[in-house]
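Chemist: Provided herewith is a single structure, encoded as structure tokens, for subsequent inquiry.
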Amino acid sequence: MGIEEKLCVIYIEDDQGLACLAQHRLQRSDVLTVTTASCGSEGLELIASMAPDVVVIDYVLPDMSGLDILKVIEEANCPNIVSIIVTGAGDERVAVDAMKHHALDYIIKDTNGDFLNTLAQLIPKLVAHQRLIIKQQQSDKQIRSLSAALSQSSDGIIIYNQQGEAIYANDAVEKITGFKAEQIVGFCPTPQSSKSWPFRHRLWKKVTAGVCDGEKISECKPNGESFSIILTISPIYTHDGTIEEYVTTLKDVTAYEKLLAEFHQAQKMEAVGTLVGGIAHDFNNSLAGIVANIFLARLEAKSLPEVVERLTSMEGLCFHASDMIKQMLIFARKSTVEMKPLFIASFLKEIIKLHKVSIPENIALNHSIVPSNMTVMGDINLLQQVVMNLLNNSRDALEGVTNPTITIGLDAYRADEKFQRAHGHLDVDDFACITIADNGCGIANKDFEHIFDPFFTTKEVGKGTGLGLAMCFGSIESHHGTIEVNSEVGSGTSFKVYLPLTKEVQHNGAKEMAAENMNGHGETILLVDDNETLVQTGSAVLERLGYHVLTAADGFEAMELYKTHIDKIDLILLDIVMPRMGGVELASILTEMNPKVKIIFMTGYAEGELANERDVLNNSTVLSKPYTIHALSQVILKSLSS
């Protein structure tokens, strides 16, 4: 390696005559410029300000030794500076000490100054040698960095030669594909390998075919677990432009695809929520009118027990339909749930007793409920619906199966690393795990990803709505839990429901009010609703309960009536959502007119649809349509007597 630019040399020498001679002799060379210093401290100042290429140091100086200067240069971490020690007397110990502190040479002075000619020839060679070493060190560091980057990259990297034979595979390849590096490196395809390891064979074919940019591939690991990658194959060229090797990058997009699937599921849920939310109000209003008419018809048909029985059955169907709407709204997260502490073991035992009659006698119903005081925060009606839907699903899957069996289990579960990765949105580690398993027909692979989709069913027309599992999914999500399913065609299906444990204590609920309706004594009630049918039937019901009724079709009409009859009206039954003036706005005006006014709100909307009025409604009595006449009579009596 030659030196083309001029090299900056600082010569530290206390003998002024020798210093002048050294400067003169060294500068005869075309590549050296020399600056002298008469002591160590002056030399160090010049080194700091000039950043020289070479420092020539006399071993003995008046203020410090040459070794002291070498130590300062070493501590300052200046690998580009070539240091040379000169001394008047040869001493191997001094030479060894100088070399320890990174001096590149050690020269003995002679009396006639011939050593300076040797020094002039030596300096360019030492600088060239030093720069070569530094460049090699930088190159080695870069190679180590590149090697570490390849090895530690989260993307899988495989390097192939021109024949398509893998010559390198990093650690991420095994993590992504399940194949160890030794199973990839050196692989050459055979008829047997294409059957036993189709992914390696397929990858080899793509490499030998040439460049591949961003192709998505979905495959299975040797253990059967699926994965998805984005594959990129790029050629590595030699200096003359010929292809020497191929570098293949495998970007794992399995987690991304899972997130994408969850996003699509969320979109479906939002679509269902929009649909159900749009019809819930009118549907619940209609059910409220039907329930009221059934109540009136049942009073007229007291002498006809068969008619009364049918009317009672119709009323039950109305509330069942209302529960379905509520389930769908909760599934779509447009309604709230009533969360209370619940002993999950006791709850499950009661559910098993209750629903055992719905399971055919030929099906064995086994259960393993761990005796425990595990408590979860739950809505008892929703959780009952979840268990019922899963039991019905298992029952239907057992049709035609020999020795059909359903097994219900309850265990405590502590989330492991795999569970936490799969359900990162859950912020707790301790769960109650409910398992409902069967040995039925199982779920086909093509249907597996759709089983929680709303309106998806594999049952015959008329045998399933496709909402059972969708409701289960939404209900468990609303409980901040999750649901997993494992299935094998012909071997059965297992659902696992995970509910977060809580330390809150279950309290006994208040005693239920008496079942009979509570009648009034001629009090005046103002009924306000924009639905004409509900006004008519509601008036008739209230009159049968013993009340005098005034009616209004909207907020403005109600306000005028209240002004006229303010001293006579004892209670107001008020629809929340009405044209022109809503119930909450009207209630605010009436409260200003009479701070003691008694109001009961009524609504056919889901609670989630009334977010703007929540502050007012949280401190008020609210009846959700449809409501039983018994509940209406109890609420009215409680409000009047308060």
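Here's how to read the names in the structure tokens: chain A, B, ... by the order shown, residue numbers from 1 in each chain, ligand numbers from 1 in the order shown.
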Can I get the residues of stretch 200-259 of chain A within 12 Å of stretch 424-432 of chain A, each with the closest pair of atoms and their distance in Å to one decimal, using only C-alpha atoms, sorted chain first then ascending number, as a tab-separated table?

Modeler:
residue	atom	partner	partner_atom	distance
A:Ala255	CA	A:Gly424	CA	11.4
A:Lys258	CA	A:Gly424	CA	12.0
A:Leu259	CA	A:Gly424	CA	11.0

Chemist: Let's have the selection written as an mmCIF file, in the first residue's frame, with C-alpha atoms.

Modeler:
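In the end it all went to result-v8.cif:
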data_model
loop_
_atom_site.group_PDB
_atom_site.id
_atom_site.type_symbol
_atom_site.label_atom_id
_atom_site.label_comp_id
_atom_site.auth_asym_id
_atom_site.auth_seq_id
_atom_site.Cartn_x
_atom_site.Cartn_y
_atom_site.Cartn_z
ATOM 1 C CA ALA A 255 -49.602 -13.060 13.297
ATOM 2 C CA LYS A 258 -54.529 -13.535 12.463
ATOM 3 C CA LEU A 259 -54.973 -9.814 13.172
#

Chemist: Could you please determine the separation between atom CA of A:Leu342 and atom CA of A:Ser633 in Å, to one decimal place?

Modeler: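 Spanning atom CA of A:Leu342 to atom CA of A:Ser633 is a straight-line distance of 29.3 Å.
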
Chemist: Give me, as a ChimeraX atom specification, all polymer residues having an atom no more than 8 Å from A:Ile158, counting only C-alpha atoms and skipping those fewer than 4 positions away in the same chain.

Modeler: /A:166-170,173,247-249

Chemist: If we count only C-alpha atoms and set the cut-off at 7 Å, which residues sit around stretch 595-600 of chain A, ignoring sequence neighbours fewer than 5 positions away in its own chain? Please answer as an MDAnalysis selection string.

Modeler: chainID A and resid 571:574 621:622 639
